[in-house]
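Participant: The following file, target_1.cif, comprises mmCIF, C-alpha atoms:
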```cif
data_final
loop_
_atom_site.label_atom_id
_atom_site.label_comp_id
_atom_site.auth_asym_id
_atom_site.auth_seq_id
_atom_site.Cartn_x
_atom_site.Cartn_y
_atom_site.Cartn_z
CA MET A 163 -80.43 -144.05 -13.50
CA ALA A 164 -79.96 -144.48 -17.24
CA LEU A 165 -83.57 -145.69 -17.54
CA ILE A 166 -84.87 -142.55 -15.82
CA ASP A 167 -82.69 -140.36 -18.03
CA ASP A 168 -84.01 -142.16 -21.10
CA ILE A 169 -87.62 -141.75 -19.96
CA ASN A 170 -87.08 -138.05 -19.27
CA ALA A 171 -85.47 -137.54 -22.67
CA ARG A 172 -88.38 -139.26 -24.41
CA LEU A 173 -90.90 -137.22 -22.45
CA ASP A 174 -89.07 -134.05 -23.50
CA GLU A 175 -89.25 -135.19 -27.14
CA THR A 176 -92.98 -135.89 -26.81
CA LEU A 177 -93.60 -132.53 -25.16
CA GLU A 178 -91.76 -130.70 -27.92
CA GLU A 179 -93.67 -132.61 -30.60
CA VAL A 180 -96.96 -131.64 -28.97
CA ARG A 181 -95.89 -127.98 -28.71
CA VAL A 182 -95.02 -127.63 -32.40
CA GLN A 183 -98.38 -128.90 -33.63
CA SER A 184 -100.64 -126.26 -35.07
CA THR A 185 -104.05 -127.77 -34.33
CA LYS A 186 -105.68 -129.20 -31.24
CA ILE A 187 -106.13 -132.66 -32.72
CA ASP A 188 -102.57 -132.78 -34.04
CA SER A 189 -101.34 -132.03 -30.53
CA ILE A 190 -103.49 -134.80 -29.07
CA ASN A 191 -102.29 -137.23 -31.73
CA ALA A 192 -98.66 -136.28 -31.12
CA LEU A 193 -99.14 -136.84 -27.40
CA ALA A 194 -100.83 -140.21 -27.97
CA ASP A 195 -98.08 -141.32 -30.38
CA GLY A 196 -95.35 -140.33 -27.95
CA LEU A 197 -96.99 -142.04 -25.00
CA ARG A 198 -97.72 -145.14 -27.06
CA GLN A 199 -94.08 -145.51 -27.99
CA GLN A 200 -92.83 -144.89 -24.48
CA ILE A 201 -95.22 -147.41 -22.96
CA ALA A 202 -94.45 -149.99 -25.64
CA ASP A 203 -90.71 -149.56 -25.12
CA LEU A 204 -90.98 -149.89 -21.35
CA LEU A 205 -93.22 -152.93 -21.58
CA ALA A 206 -90.99 -154.57 -24.17
CA GLN A 207 -87.96 -154.04 -21.91
CA SER A 208 -89.83 -155.60 -19.01
CA GLY A 209 -90.51 -158.76 -21.00
CA VAL A 210 -94.31 -158.69 -21.01
CA PRO A 211 -96.01 -161.01 -23.50
CA GLN A 212 -96.74 -159.80 -27.02
CA ALA A 213 -100.47 -160.03 -26.27
CA VAL A 214 -100.09 -157.24 -23.71
CA LEU A 215 -98.20 -155.07 -26.21
CA ASP A 216 -100.91 -155.74 -28.77
CA LYS A 217 -103.57 -154.66 -26.28
CA VAL A 218 -101.70 -151.42 -25.59
CA ASN A 219 -101.66 -150.76 -29.33
CA LEU A 220 -105.40 -151.42 -29.50
CA VAL A 221 -106.00 -148.84 -26.79
CA PHE A 222 -104.02 -146.19 -28.64
CA ASP A 223 -105.63 -147.14 -31.96
CA ALA A 224 -109.01 -146.51 -30.34
CA VAL A 225 -107.81 -143.13 -29.06
CA LYS A 226 -106.71 -142.09 -32.56
CA ALA A 227 -109.94 -143.40 -34.09
CA GLN A 228 -111.82 -141.01 -31.83
CA GLY A 229 -109.69 -138.11 -33.03
CA ALA A 230 -112.25 -136.80 -35.48
CA LYS A 231 -114.92 -136.75 -32.77
CA VAL A 232 -112.59 -134.97 -30.38
CA ASP A 233 -111.67 -132.39 -33.01
CA GLU A 234 -115.31 -131.81 -33.88
CA THR A 235 -116.25 -131.35 -30.23
CA LEU A 236 -113.33 -129.00 -29.59
CA ASN A 237 -114.25 -126.90 -32.60
CA GLU A 238 -117.90 -126.72 -31.56
CA ASN A 239 -117.03 -125.65 -28.03
CA THR A 240 -114.13 -123.31 -28.67
CA PRO A 241 -115.07 -119.69 -29.26
CA PRO A 242 -113.65 -118.14 -32.42
CA GLN A 243 -110.53 -116.02 -32.06
CA PRO A 244 -111.26 -112.30 -32.13
CA ALA A 245 -110.22 -110.58 -35.33
#
```
Would you give me this structure, written as structure tokens?
Facilitator:
Amino acid sequence: MALIDDINARLDETLEEVRVQSTKIDSINALADGLRQQIADLLAQSGVPQAVLDKVNLVFDAVKAQGAKVDETLNENTPPQPA
């Protein structure tokens, strides 16, 4: 049960970090960072090889590298706020 409590606490922390971000891309990056850490921690505890952990990091690095494209697309397709 302690593992589930720990996972829930970390998810709460990630959710709060996403909520306090002021831009769309910052929220996405905060979510990716939180999920990356949670997945890495769980995999490390399960004893998977370092190569698997490295691959997980590569996936999240690719997500962050696409951040500028995501932000650009969101800005292009989000109507301006009314004054």
Participant: At most 8 Å is the cut-off: for each residue in stretch 172-199 of chain A with any atom that close to an atom of stretch 223-244 of chain A, write down the nearest atom pair and the distance in Å rounded to one decimal, counting all atoms listed in the file, chain first then increasing number, as CSV.
Facilitator:
```
residue,atom,partner,partner_atom,distance
A:Lys186,CA,A:Asp233,CA,7.0
A:Ile187,CA,A:Asp233,CA,5.6
A:Asn191,CA,A:Lys226,CA,6.6
A:Ala194,CA,A:Val225,CA,7.6
```
Participant: On this structure, which residues satisfy the PyMOL selection byres ((chain A and resi 219) around 12), written as number ranges by chain?
Facilitator: A: 194-195, 197-203, 205, 212-218, 220-226
Participant: Could you write out the selected residues, including C-alpha atoms, as a CSV table (one decimal), in the coordinates of the input?
Facilitator:
```csv
chain,number,residue,atom,x,y,z
A,194,ALA,CA,-100.8,-140.2,-28.0
A,195,ASP,CA,-98.1,-141.3,-30.4
A,197,LEU,CA,-97.0,-142.0,-25.0
A,198,ARG,CA,-97.7,-145.1,-27.1
A,199,GLN,CA,-94.1,-145.5,-28.0
A,200,GLN,CA,-92.8,-144.9,-24.5
A,201,ILE,CA,-95.2,-147.4,-23.0
A,202,ALA,CA,-94.4,-150.0,-25.6
A,203,ASP,CA,-90.7,-149.6,-25.1
A,205,LEU,CA,-93.2,-152.9,-21.6
A,212,GLN,CA,-96.7,-159.8,-27.0
A,213,ALA,CA,-100.5,-160.0,-26.3
A,214,VAL,CA,-100.1,-157.2,-23.7
A,215,LEU,CA,-98.2,-155.1,-26.2
A,216,ASP,CA,-100.9,-155.7,-28.8
A,217,LYS,CA,-103.6,-154.7,-26.3
A,218,VAL,CA,-101.7,-151.4,-25.6
A,220,LEU,CA,-105.4,-151.4,-29.5
A,221,VAL,CA,-106.0,-148.8,-26.8
A,222,PHE,CA,-104.0,-146.2,-28.6
A,223,ASP,CA,-105.6,-147.1,-32.0
A,224,ALA,CA,-109.0,-146.5,-30.3
A,225,VAL,CA,-107.8,-143.1,-29.1
A,226,LYS,CA,-106.7,-142.1,-32.6
```
Participant: Tell me which residues the PyMOL selection byres ((chain A and resi 192) around 8) grabs here, as a list in words.
Facilitator: Thr176, Glu179, Val180, Gln183, Asp188, Ser189, Ile190, Asn191, Leu193, Ala194, Asp195 and Gly196 of chain A
Participant: Step by step, gather every atom of stretch 223-237 of chain A that the file lists, find the box along x, y and z that holds them, add 8 Å on each side, and finally give centre and edge lengths in Å to one decimal, as JSON.
Facilitator:
```
{"center_x": -110.9, "center_y": -137.0, "center_z": -32.3, "size_x": 26.6, "size_y": 36.2, "size_z": 22.4}
```
Participant: Quick one: distance from atom CA of A:Ala164 to atom CA of A:Glu178 in Å, one decimal?
Facilitator: 21.1 Å
Participant: Interatomic distance between atom CA of A:Ile169 and atom CA of A:Arg181?
Facilitator: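 The value is 18.3 Å.
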Participant: To one decimal place, how far is atom CA of A:Glu175 from atom CA of A:Ser208 in Å?
Facilitator: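 Distance reported for this atom pair: 22.0 Å.
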